[in-house]
Amino acid sequence: MNSKRTKTAAVLAFIIGAMAIFAGGQVLLGKAMDYYVIDWLPIYNFILGLVSVGFTSILIWQGRKIALPAAIATLASHTVVMFILQIAYRGVVAPDSIVAMTVRIVVWIIIVWLLIIEKRKAKQNQVGGTANQN
């Protein structure tokens with residue numbers, strides 16, 4: 001599992017993670033926002049950004065077997081947080097936070113999709129007895 005799809009997924013994971021580190025880090029360093037910031041959300045964004053950059057993107061880049069489960073876990077985490085924001089913080093959460101979380105979810109769906117395609121291709125090549133040429 002070490003193709004262009006895998007590398008693309010790793011780069012996407014790194015970029016979206018770096019963006020979360022930057023966004024969460026700004027608030028944690030005291031940057032005043034023009035809207036109400038839910039106390040735990042910047043911490044969540046910063047930590048998940050660090051995990052995405054320092055762990056998940058590396059697993060994906062290296063083509064490790066645990067890369068897909070790690071990507072699914074990241075997607076699931078963002079999805080759960082989005083549900084919490086939409087249910088428990090409806091009317092309080094800033095529209096910018098909803099947009100940022102939506103972008104993260106969409107990017108992680110793409111990452112997971114790329115990894116699933118790569119896993120299926122690798123499996124087909126294994127069954128067919130041919131080497132992966134990507």
# chains A, B, ... in the order shown; residues from 1 in each chain; ligands from 1
>>> residues_around(residues="A:Phe22", least_positions_apart="6", cutoff="10 Å", atoms="only C-alpha atoms", output="list in words")
Ile16, Leu28, Pro42, Asn45, Phe46 and Gly49 of chain A
>>> write_last_selection(atoms="N, CA and C atoms", output="mmCIF file, in the first residue's frame")
data_model
loop_
_atom_site.group_PDB
_atom_site.id
_atom_site.type_symbol
_atom_site.label_atom_id
_atom_site.label_comp_id
_atom_site.auth_asym_id
_atom_site.auth_seq_id
_atom_site.Cartn_x
_atom_site.Cartn_y
_atom_site.Cartn_z
ATOM 1 N N ILE A 16 -4.332 19.001 6.407
ATOM 2 C CA ILE A 16 -5.522 19.285 7.223
ATOM 3 C C ILE A 16 -5.145 19.292 8.700
ATOM 4 N N LEU A 28 -5.364 29.125 21.362
ATOM 5 C CA LEU A 28 -4.678 28.729 22.599
ATOM 6 C C LEU A 28 -3.589 29.723 22.995
ATOM 7 N N PRO A 42 -10.825 24.529 20.632
ATOM 8 C CA PRO A 42 -9.452 24.763 20.152
ATOM 9 C C PRO A 42 -8.472 23.700 20.648
ATOM 10 N N ASN A 45 -9.072 20.678 18.470
ATOM 11 C CA ASN A 45 -8.511 20.918 17.130
ATOM 12 C C ASN A 45 -6.991 20.802 17.147
ATOM 13 N N PHE A 46 -6.361 21.392 18.153
ATOM 14 C CA PHE A 46 -4.907 21.371 18.254
ATOM 15 C C PHE A 46 -4.396 19.936 18.441
ATOM 16 N N GLY A 49 -4.977 17.850 15.375
ATOM 17 C CA GLY A 49 -4.024 18.299 14.364
ATOM 18 C C GLY A 49 -2.653 17.688 14.592
#
>>> residues_around(residues="stretch 62-64 of chain A", least_positions_apart="2", cutoff="10 Å", atoms="only C-alpha atoms", output="JSON, numbers by chain")
{"A": [1, 2, 3, 6, 7, 10, 56, 57, 58, 59, 60, 66, 67, 68, 115, 118, 119]}
>>> residues_around(residues="A:Leu48", least_positions_apart="4", cutoff="9 Å", atoms="only C-alpha atoms", output="MDAnalysis selection string")
chainID A and resid 17 20:21 43:44 52:53 74 77:78
>>> select_by_dssp(residues="stretch 54-92 of chain A", states="helix (DSSP H, G or I)", output="ChimeraX atom specification")
/A:54-62,67-87
>>> residues_around(residues="stretch 92-96 of chain A", least_positions_apart="5", cutoff="7 Å", atoms="only C-alpha atoms", output="PDB file with C-alpha atoms, in the first residue's frame")
ATOM      1  CA  TYR A  35     -17.004  35.250  17.904  1.00  0.00           C
ATOM      2  CA  TYR A  36     -17.617  33.086  20.952  1.00  0.00           C
ATOM      3  CA  ILE A  38     -16.235  27.024  22.940  1.00  0.00           C
ATOM      4  CA  LEU A  85     -21.584  20.937  18.067  1.00  0.00           C
TER       5      LEU A  85
END
>>> residues_around(residues="A:Ile105", least_positions_apart="2", cutoff="12 Å", atoms="only C-alpha atoms", output="PyMOL selection string")
chain A and resi 12-13+16-17+71-83+98-103+107-112
>>> atom_distance(atom1="atom CA of A:Phe55", atom2="atom CA of A:Thr8")
15.8 Å
>>> atom_distance(atom1="atom CA of A:Trp61", atom2="atom CA of A:Val11")
7.9 Å
>>> atom_distance(atom1="atom CA of A:Leu50", atom2="atom CA of A:Phe14")
9.3 Å
